[in-house]
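This is coords-v4.tsv (TSV, C-alpha atoms and all ligand atoms).
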chain	number	residue	atom	x	y	z
A	1	MET	CA	16.53	-2.86	13.82
A	2	ALA	CA	15.84	-6.41	14.76
A	3	GLY	CA	14.29	-9.62	13.56
A	4	GLY	CA	14.79	-11.23	10.19
A	5	GLY	CA	18.48	-10.60	9.52
A	6	GLY	CA	19.94	-12.71	6.72
A	7	ASP	CA	16.95	-15.01	7.03
A	8	LEU	CA	14.48	-12.50	5.59
A	9	LYS	CA	14.42	-11.39	1.99
A	10	MET	CA	11.85	-9.30	0.16
A	11	LEU	CA	11.32	-9.27	-3.59
A	12	GLY	CA	9.87	-5.92	-4.65
A	13	MET	CA	9.78	-3.26	-7.30
A	14	TRP	CA	10.21	0.40	-6.36
A	15	ALA	CA	6.98	1.70	-7.96
A	16	SER	CA	4.74	-1.17	-6.79
A	17	PRO	CA	2.15	-0.17	-4.13
A	18	PRO	CA	1.70	-3.73	-2.81
A	19	ALA	CA	5.49	-4.08	-2.50
A	20	LEU	CA	5.65	-0.72	-0.74
A	21	ARG	CA	3.14	-1.98	1.83
A	22	VAL	CA	5.54	-4.72	2.81
A	23	ARG	CA	8.47	-2.30	3.03
A	24	LEU	CA	6.35	0.07	5.15
A	25	ALA	CA	5.35	-2.73	7.52
A	26	LEU	CA	8.94	-3.94	7.96
A	27	SER	CA	10.15	-0.37	8.43
A	28	LEU	CA	7.46	0.50	11.01
A	29	LYS	CA	8.19	-2.68	12.95
A	30	GLY	CA	11.94	-2.16	12.67
A	31	VAL	CA	12.61	-5.59	11.16
A	32	THR	CA	15.81	-5.92	9.11
A	33	TYR	CA	15.68	-7.68	5.76
A	34	GLU	CA	17.44	-7.95	2.45
A	35	TYR	CA	15.62	-6.01	-0.29
A	36	VAL	CA	15.84	-7.39	-3.83
A	37	GLU	CA	14.63	-5.09	-6.63
A	38	GLU	CA	12.95	-7.07	-9.43
A	39	ASP	CA	12.91	-6.13	-13.10
A	40	LEU	CA	9.30	-7.06	-13.90
A	41	LYS	CA	10.11	-7.26	-17.63
A	42	ASN	CA	12.80	-9.82	-16.89
A	43	LYS	CA	11.75	-11.60	-13.71
A	44	SER	CA	14.36	-13.46	-11.69
A	45	ASP	CA	14.28	-17.22	-11.30
A	46	LEU	CA	13.86	-16.62	-7.58
A	47	LEU	CA	10.62	-14.65	-8.18
A	48	LEU	CA	9.25	-17.24	-10.63
A	49	LYS	CA	10.07	-20.04	-8.22
A	50	SER	CA	8.78	-18.19	-5.14
A	51	ASN	CA	5.45	-17.03	-6.63
A	52	PRO	CA	4.79	-19.64	-9.36
A	53	VAL	CA	1.02	-18.96	-9.43
A	54	HIS	CA	1.07	-15.19	-10.10
A	55	ASN	CA	4.76	-14.40	-10.80
A	56	LYS	CA	4.23	-11.06	-9.02
A	57	VAL	CA	5.90	-8.96	-6.37
A	58	PRO	CA	5.85	-8.62	-3.43
A	59	VAL	CA	7.19	-11.89	-2.08
A	60	LEU	CA	8.60	-12.20	1.41
A	61	ILE	CA	11.00	-15.11	1.85
A	62	HIS	CA	11.49	-16.09	5.48
A	63	GLY	CA	13.85	-18.92	6.28
A	64	GLY	CA	13.67	-19.97	2.60
A	65	LYS	CA	9.84	-20.11	2.62
A	66	PRO	CA	7.96	-17.67	0.36
A	67	VAL	CA	4.85	-15.74	1.41
A	68	CYS	CA	2.87	-14.04	-1.40
A	69	GLU	CA	0.10	-11.40	-1.64
A	70	SER	CA	0.68	-8.12	0.18
A	71	LEU	CA	-2.27	-8.24	2.59
A	72	GLY	CA	-1.37	-11.77	3.67
A	73	ILE	CA	2.29	-10.78	3.98
A	74	LEU	CA	1.35	-7.93	6.36
A	75	GLU	CA	-0.48	-10.38	8.61
A	76	TYR	CA	2.44	-12.81	8.39
A	77	ILE	CA	4.92	-10.11	9.40
A	78	ASP	CA	2.75	-9.16	12.37
A	79	GLU	CA	2.54	-12.77	13.55
A	80	ALA	CA	6.06	-13.97	12.74
A	81	PHE	CA	7.66	-10.88	14.31
A	82	ALA	CA	5.13	-10.44	17.11
A	83	GLY	CA	7.89	-9.61	19.59
A	84	VAL	CA	9.49	-6.97	17.37
A	85	GLY	CA	8.26	-3.35	17.26
A	86	PRO	CA	4.60	-2.29	17.33
A	87	SER	CA	1.74	-4.62	16.29
A	88	LEU	CA	0.08	-3.73	13.01
A	89	LEU	CA	-3.26	-5.35	13.81
A	90	SER	CA	-5.29	-4.85	16.99
A	91	ALA	CA	-5.42	-7.60	19.63
A	92	ASP	CA	-9.22	-7.31	19.42
A	93	PRO	CA	-10.75	-9.79	16.93
A	94	TYR	CA	-13.55	-7.43	15.90
A	95	GLU	CA	-11.13	-4.56	15.20
A	96	ARG	CA	-8.97	-7.00	13.19
A	97	ALA	CA	-12.02	-8.06	11.14
A	98	VAL	CA	-12.91	-4.40	10.48
A	99	ALA	CA	-9.33	-3.62	9.41
A	100	ARG	CA	-9.33	-6.60	7.00
A	101	PHE	CA	-12.69	-5.47	5.56
A	102	TRP	CA	-11.34	-1.99	4.77
A	103	GLY	CA	-8.07	-3.44	3.47
A	104	ALA	CA	-10.06	-5.48	0.94
A	105	PHE	CA	-12.16	-2.40	0.09
A	106	ILE	CA	-9.01	-0.40	-0.67
A	107	ASP	CA	-7.76	-3.15	-3.02
A	108	GLU	CA	-11.05	-3.95	-4.70
A	109	THR	CA	-12.55	-0.48	-5.01
A	110	LEU	CA	-10.00	2.33	-4.65
A	111	VAL	CA	-7.12	0.66	-6.50
A	112	LYS	CA	-9.33	-0.34	-9.43
A	113	ALA	CA	-10.81	3.19	-9.63
A	114	MET	CA	-7.32	4.73	-9.58
A	115	TYR	CA	-6.26	2.53	-12.49
A	116	GLN	CA	-9.37	3.53	-14.43
A	117	ALA	CA	-8.79	7.25	-13.68
A	118	SER	CA	-5.22	7.00	-15.00
A	119	TRP	CA	-5.31	4.62	-17.96
A	120	GLY	CA	-8.02	4.17	-20.56
A	121	THR	CA	-10.19	6.26	-22.86
A	122	LYS	CA	-11.19	9.83	-21.90
A	123	GLU	CA	-14.68	8.58	-20.90
A	124	GLU	CA	-13.24	5.72	-18.86
A	125	LYS	CA	-10.92	8.14	-17.07
A	126	GLU	CA	-13.81	10.51	-16.22
A	127	GLU	CA	-15.83	7.56	-14.89
A	128	GLY	CA	-12.73	6.40	-12.95
A	129	LYS	CA	-12.33	9.84	-11.34
A	130	LYS	CA	-15.93	9.69	-10.08
A	131	LYS	CA	-15.31	6.22	-8.65
A	132	VAL	CA	-12.12	7.44	-6.93
A	133	THR	CA	-14.07	10.29	-5.27
A	134	ALA	CA	-16.81	7.91	-4.10
A	135	ALA	CA	-14.27	5.41	-2.70
A	136	VAL	CA	-12.33	8.15	-0.92
A	137	GLU	CA	-15.53	9.54	0.62
A	138	THR	CA	-16.26	6.08	1.97
A	139	LEU	CA	-12.71	5.82	3.33
A	140	GLU	CA	-13.05	9.21	5.04
A	141	GLY	CA	-15.90	7.64	7.04
A	142	ALA	CA	-13.82	4.52	7.73
A	143	LEU	CA	-10.97	6.65	9.06
A	144	ARG	CA	-13.40	8.54	11.32
A	145	GLU	CA	-14.65	5.22	12.76
A	146	CYS	CA	-11.32	3.42	13.06
A	147	SER	CA	-9.14	6.28	14.35
A	148	LYS	CA	-11.59	7.49	17.03
A	149	GLY	CA	-10.17	11.01	16.79
A	150	LYS	CA	-6.52	9.89	16.69
A	151	PRO	CA	-4.23	10.59	13.70
A	152	PHE	CA	-4.03	7.06	12.25
A	153	PHE	CA	-6.40	4.26	11.30
A	154	GLY	CA	-4.49	2.34	13.96
A	155	GLY	CA	-5.08	5.10	16.56
A	156	ASP	CA	-2.01	6.80	18.03
A	157	SER	CA	0.39	4.83	15.84
A	158	ALA	CA	0.31	3.59	12.26
A	159	GLY	CA	-1.02	0.02	11.83
A	160	TYR	CA	-2.31	-2.41	9.20
A	161	LEU	CA	-4.76	-0.08	7.40
A	162	ASP	CA	-2.31	2.82	7.47
A	163	VAL	CA	0.15	0.56	5.68
A	164	VAL	CA	-2.45	-0.76	3.20
A	165	LEU	CA	-3.53	2.76	2.19
A	166	GLY	CA	-0.05	4.20	2.74
A	167	GLY	CA	1.29	1.90	0.02
A	168	LEU	CA	-0.87	3.91	-2.38
A	169	LEU	CA	-0.04	7.35	-1.04
A	170	ALA	CA	2.77	8.19	-3.44
A	171	TRP	CA	0.56	7.03	-6.35
A	172	VAL	CA	-2.34	9.12	-5.02
A	173	ARG	CA	-0.04	12.13	-5.23
A	174	ALA	CA	1.23	11.08	-8.67
A	175	VAL	CA	-2.34	10.67	-10.00
A	176	ASP	CA	-3.15	14.11	-8.50
A	177	GLY	CA	-0.18	15.54	-10.41
A	178	MET	CA	-1.07	13.83	-13.69
A	179	GLN	CA	-4.86	14.36	-13.65
A	180	GLY	CA	-5.04	17.75	-11.92
A	181	LEU	CA	-6.92	16.15	-9.02
A	182	LYS	CA	-6.74	16.52	-5.25
A	183	ILE	CA	-7.79	13.06	-4.17
A	184	PHE	CA	-7.33	13.77	-0.45
A	185	ASP	CA	-8.73	17.30	-0.69
A	186	PRO	CA	-8.48	19.02	2.75
A	187	SER	CA	-11.78	20.87	2.15
A	188	THR	CA	-13.81	17.72	1.44
A	189	MET	CA	-11.69	14.92	2.99
A	190	PRO	CA	-10.14	16.70	6.01
A	191	LEU	CA	-9.38	13.53	7.97
A	192	LEU	CA	-7.65	11.74	5.06
A	193	ALA	CA	-5.73	14.91	4.12
A	194	ALA	CA	-4.41	15.22	7.69
A	195	TRP	CA	-3.77	11.45	7.83
A	196	ALA	CA	-1.70	11.59	4.61
A	197	ASP	CA	0.49	14.38	6.00
A	198	SER	CA	0.97	12.64	9.38
A	199	PHE	CA	1.74	9.29	7.76
A	200	ALA	CA	4.18	10.69	5.18
A	201	ALA	CA	6.02	12.60	7.93
A	202	LEU	CA	6.93	9.43	9.89
A	203	ASP	CA	10.67	8.68	9.64
A	204	GLU	CA	9.97	4.99	8.99
A	205	VAL	CA	7.70	5.98	6.10
A	206	GLU	CA	9.98	8.63	4.61
A	207	ALA	CA	12.76	6.04	4.55
A	208	VAL	CA	10.95	3.85	2.00
A	209	MET	CA	8.54	6.14	0.08
A	210	PRO	CA	9.24	6.50	-3.65
A	211	ASP	CA	9.69	9.93	-5.20
A	212	VAL	CA	6.40	11.24	-6.66
A	213	ASN	CA	8.03	12.90	-9.69
A	214	ARG	CA	9.83	9.67	-10.53
A	215	LEU	CA	6.46	7.87	-10.35
A	216	ILE	CA	4.90	10.43	-12.71
A	217	GLU	CA	7.73	9.90	-15.22
A	218	PHE	CA	7.33	6.14	-14.83
A	219	ALA	CA	3.53	6.34	-15.36
A	220	ARG	CA	3.91	8.54	-18.46
A	221	ALA	CA	6.32	6.02	-19.98
A	222	MET	CA	3.87	3.11	-19.43
A	301	LIG	N1	-2.73	-8.74	-5.15
A	301	LIG	C1	-1.29	-8.65	-5.26
A	301	LIG	C2	-0.93	-7.73	-6.39
A	301	LIG	C3	0.55	-7.80	-6.74
A	301	LIG	C4	0.84	-7.07	-8.04
A	301	LIG	O1	-0.08	-6.72	-8.82
A	301	LIG	N2	2.15	-6.89	-8.32
A	301	LIG	C5	2.54	-6.28	-9.57
A	301	LIG	C6	3.38	-5.02	-9.31
A	301	LIG	S1	2.35	-3.76	-8.61
A	301	LIG	C7	3.44	-7.25	-10.35
A	301	LIG	O2	4.28	-7.92	-9.79
A	301	LIG	N3	3.23	-7.30	-11.66
A	301	LIG	C8	4.01	-8.13	-12.54
A	301	LIG	C9	3.17	-8.83	-13.55
A	301	LIG	O3	1.93	-8.64	-13.56
A	301	LIG	O4	3.72	-9.57	-14.36
A	301	LIG	C10	-0.71	-8.16	-3.92
A	301	LIG	O5	-1.43	-7.45	-3.20
A	301	LIG	O6	0.41	-8.54	-3.59
Transcribe the structure of this file into structure tokens.
Amino acid sequence: MAGGGGDLKMLGMWASPPALRVRLALSLKGVTYEYVEEDLKNKSDLLLKSNPVHNKVPVLIHGGKPVCESLGILEYIDEAFAGVGPSLLSADPYERAVARFWGAFIDETLVKAMYQASWGTKEEKEEGKKKVTAAVETLEGALRECSKGKPFFGGDSAGYLDVVLGGLLAWVRAVDGMQGLKIFDPSTMPLLAAWADSFAALDEVEAVMPDVNRLIEFARAM
């Protein structure tokens, strides 16, 4: 491990997908940091002071300066720790633009559909499930384009998009468990199904992934 040391602190919450993205990125790059678990029902003064606009996790605090919003934090980590571990984003500007496009798609389309499939009226949930399937079909195509036959969106190794989608992976499995779904169904989404297995098997990923059964219990109590 290298990098941040005592200078780098991350405010997160164990079940939060955006917070998990940041932990995944730091783990894959091998950057050391202090992790602070937030109680979102009783937020710390540090969180309120560090993210006064949204009061949300994740927040990365580097040298006393806070960085908010998970997608921006991933880019910050890649730039601020450019000499540490693998790069998350490609050196090619076009590939970076494509990765950012799909990152926004995951947040704006897949995440919203997953919420709708899990919480709401029966009709809303059914509509949400259809939207999840449509978004995942689109992502299957994105993975085909970005990976160029390699296991990850980033090619041979996990990068920015792997982390963006990987932050949702435990929730994908929890929603599968709760709704009787198979969101990354190997028969219809073979690339994403194989991607999910390859990503989850990485040591750096295993080290920070939350337990799916604990997530299901957490979701049922919400
Ligand atoms: N767009 C933000 C979303 C962050 C977010 O929604 N964080 C949630 C946890 S998953 C949170 O802190 N919620 C506390 C609240 O809404 O009061 C990101 O990507 O960082």
Grab all the atoms of ligand LIG 301 (chain A) that the file lists, wrap them in a box along x, y and z, add 3 Å per side, and give me centre plus edge lengths in Å (one decimal) as AutoDock Vina command-line options.
--center_x 0.8 --center_y -6.7 --center_z -8.8 --size_x 13.0 --size_y 11.8 --size_z 17.2
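One distance worth recording is that between CA of Leu215 (chain A) and CA of Glu140 (chain A), which is 24.9 Å.
Interatomic distance, atom C10 of ligand LIG 301 (chain A) to CA of His54 (chain A): 9.5 Å.
If you measure from each of A:Lys56, A:Leu161, A:Trp171, A:Asn213 to Leu71 (chain A) using all atoms listed in the file, the closest one turns out to be A:Leu161.
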I'd like to know which of A:Leu24, A:Ala15, A:Leu74, A:Leu48 is closest to Gly166 (chain A), using all atoms listed in the file.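 Using all atoms listed in the file, Gly166 (chain A) sits closest to A:Leu24.
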Nearest to ligand LIG 301 (chain A) among A:Lys49, A:Lys9, A:Arg96, A:Arg21, with distances taken over only C-alpha atoms and all ligand atoms: which residue is it?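 Comparing A:Lys49, A:Lys9, A:Arg96, A:Arg21 against ligand LIG 301 (chain A), the winner is A:Arg21.
Among the candidates A:Val208, A:Val84, A:Leu168, A:Val175, the residue lying nearest to ligand LIG 301 (chain A) is A:Leu168 (atoms considered: only C-alpha atoms and all ligand atoms).
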Nearby polymer residues, ligand LIG 301 (chain A), at most 6 Å, only C-alpha atoms and all ligand atoms, as a list in words: Ser16, Pro17, Pro18, Leu40, Lys56, Val57, Pro58, Glu69, Ser70 and Leu71 of chain A
Could you name the residues that touch region 147-156 of chain A at 12 Å or less, counting only C-alpha atoms, but leaving out those on the same chain fewer than 3 positions away, as a JSON list (two decimals) with C-alpha atoms, in the coordinates of the input?
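Writing done, so here's out-v4.json:
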[["chain", "number", "residue", "atom", "x", "y", "z"],
["A", 86, "PRO", "CA", 4.60, -2.29, 17.33],
["A", 87, "SER", "CA", 1.74, -4.62, 16.29],
["A", 88, "LEU", "CA", 0.08, -3.73, 13.01],
["A", 89, "LEU", "CA", -3.26, -5.35, 13.81],
["A", 90, "SER", "CA", -5.29, -4.85, 16.99],
["A", 91, "ALA", "CA", -5.42, -7.60, 19.63],
["A", 95, "GLU", "CA", -11.13, -4.56, 15.20],
["A", 96, "ARG", "CA", -8.97, -7.00, 13.19],
["A", 98, "VAL", "CA", -12.91, -4.40, 10.48],
["A", 99, "ALA", "CA", -9.33, -3.62, 9.41],
["A", 102, "TRP", "CA", -11.34, -1.99, 4.77],
["A", 103, "GLY", "CA", -8.07, -3.44, 3.47],
["A", 139, "LEU", "CA", -12.71, 5.82, 3.33],
["A", 140, "GLU", "CA", -13.05, 9.21, 5.04],
["A", 141, "GLY", "CA", -15.90, 7.64, 7.04],
["A", 142, "ALA", "CA", -13.82, 4.52, 7.73],
["A", 143, "LEU", "CA", -10.97, 6.65, 9.06],
["A", 144, "ARG", "CA", -13.40, 8.54, 11.32],
["A", 159, "GLY", "CA", -1.02, 0.02, 11.83],
["A", 160, "TYR", "CA", -2.31, -2.41, 9.20],
["A", 161, "LEU", "CA", -4.76, -0.08, 7.40],
["A", 162, "ASP", "CA", -2.31, 2.82, 7.47],
["A", 163, "VAL", "CA", 0.15, 0.56, 5.68],
["A", 164, "VAL", "CA", -2.45, -0.76, 3.20],
["A", 165, "LEU", "CA", -3.53, 2.76, 2.19],
["A", 166, "GLY", "CA", -0.05, 4.20, 2.74],
["A", 190, "PRO", "CA", -10.14, 16.70, 6.01],
["A", 191, "LEU", "CA", -9.38, 13.53, 7.97],
["A", 192, "LEU", "CA", -7.65, 11.74, 5.06],
["A", 193, "ALA", "CA", -5.73, 14.91, 4.12],
["A", 194, "ALA", "CA", -4.41, 15.22, 7.69],
["A", 195, "TRP", "CA", -3.77, 11.45, 7.83],
["A", 196, "ALA", "CA", -1.70, 11.59, 4.61],
["A", 197, "ASP", "CA", 0.49, 14.38, 6.00],
["A", 198, "SER", "CA", 0.97, 12.64, 9.38],
["A", 199, "PHE", "CA", 1.74, 9.29, 7.76],
["A", 200, "ALA", "CA", 4.18, 10.69, 5.18],
["A", 201, "ALA", "CA", 6.02, 12.60, 7.93],
["A", 202, "LEU", "CA", 6.93, 9.43, 9.89]]
Find the residues near Ile61 (chain A): any atom within 6 Å, counting all atoms listed in the file, skip ones fewer than 3 places away on the same chain, and give them as a compact mmCIF listing (two decimals) with C-alpha atoms, in the coordinates of the input.
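So the final result, stored in selection.txt, reads:
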# COMPACT_ATOMS: atom_id res chain seq x y z
CA LEU A 8 14.48 -12.50 5.59
CA LYS A 9 14.42 -11.39 1.99
CA GLY A 64 13.67 -19.97 2.60
CA LYS A 65 9.84 -20.11 2.62
CA PRO A 66 7.96 -17.67 0.36
Residues within 12 Å of Lys182 (chain A), only C-alpha atoms, excluding chain neighbours under 3 positions, as a PDB file with C-alpha atoms, in the frame of the given file:
ATOM      1  CA  LYS A 129     -12.330   9.840 -11.340  1.00  0.00           C
ATOM      2  CA  VAL A 132     -12.120   7.440  -6.930  1.00  0.00           C
ATOM      3  CA  THR A 133     -14.070  10.290  -5.270  1.00  0.00           C
ATOM      4  CA  VAL A 136     -12.330   8.150  -0.920  1.00  0.00           C
ATOM      5  CA  VAL A 172      -2.340   9.120  -5.020  1.00  0.00           C
ATOM      6  CA  ARG A 173      -0.040  12.130  -5.230  1.00  0.00           C
ATOM      7  CA  ALA A 174       1.230  11.080  -8.670  1.00  0.00           C
ATOM      8  CA  VAL A 175      -2.340  10.670 -10.000  1.00  0.00           C
ATOM      9  CA  ASP A 176      -3.150  14.110  -8.500  1.00  0.00           C
ATOM     10  CA  GLY A 177      -0.180  15.540 -10.410  1.00  0.00           C
ATOM     11  CA  MET A 178      -1.070  13.830 -13.690  1.00  0.00           C
ATOM     12  CA  GLN A 179      -4.860  14.360 -13.650  1.00  0.00           C
ATOM     13  CA  ASP A 185      -8.730  17.300  -0.690  1.00  0.00           C
ATOM     14  CA  PRO A 186      -8.480  19.020   2.750  1.00  0.00           C
ATOM     15  CA  SER A 187     -11.780  20.870   2.150  1.00  0.00           C
ATOM     16  CA  THR A 188     -13.810  17.720   1.440  1.00  0.00           C
ATOM     17  CA  MET A 189     -11.690  14.920   2.990  1.00  0.00           C
ATOM     18  CA  PRO A 190     -10.140  16.700   6.010  1.00  0.00           C
ATOM     19  CA  LEU A 192      -7.650  11.740   5.060  1.00  0.00           C
ATOM     20  CA  ALA A 193      -5.730  14.910   4.120  1.00  0.00           C
TER      21      ALA A 193
END
Using all atoms listed in the file, which of A:Lys41, A:Phe101, A:Tyr35, A:Ser27 sits nearest Glu206 (chain A)? A:Ser27
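For the residues A:Val212, A:Leu11, A:Ala117, A:Ala97, ranking by smallest atom-to-atom distance to Val67 (chain A) using all atoms listed in the file places A:Leu11 first.
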Write out as number ranges by chain the residues lying within 8 Å of Gly85 (chain A), counting only C-alpha atoms and excluding same-chain residues fewer than 3 positions away. A: 28-31, 82
What is the distance, in Å and to one decimal place, between CA of Glu75 (chain A) and CA of Leu46 (chain A)?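 A separation of 22.5 Å between them.
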May I have the residues within 10 Å of Val36 (chain A) as a compact mmCIF listing (two decimals) with C-alpha atoms, in the coordinates of the input, using all atoms listed in the file and disregarding those fewer than 4 positions away in the same chain?
# COMPACT_ATOMS: atom_id res chain seq x y z
CA LYS A 9 14.42 -11.39 1.99
CA MET A 10 11.85 -9.30 0.16
CA LEU A 11 11.32 -9.27 -3.59
CA GLY A 12 9.87 -5.92 -4.65
CA MET A 13 9.78 -3.26 -7.30
CA TRP A 14 10.21 0.40 -6.36
CA LEU A 47 10.62 -14.65 -8.18
CA VAL A 59 7.19 -11.89 -2.08
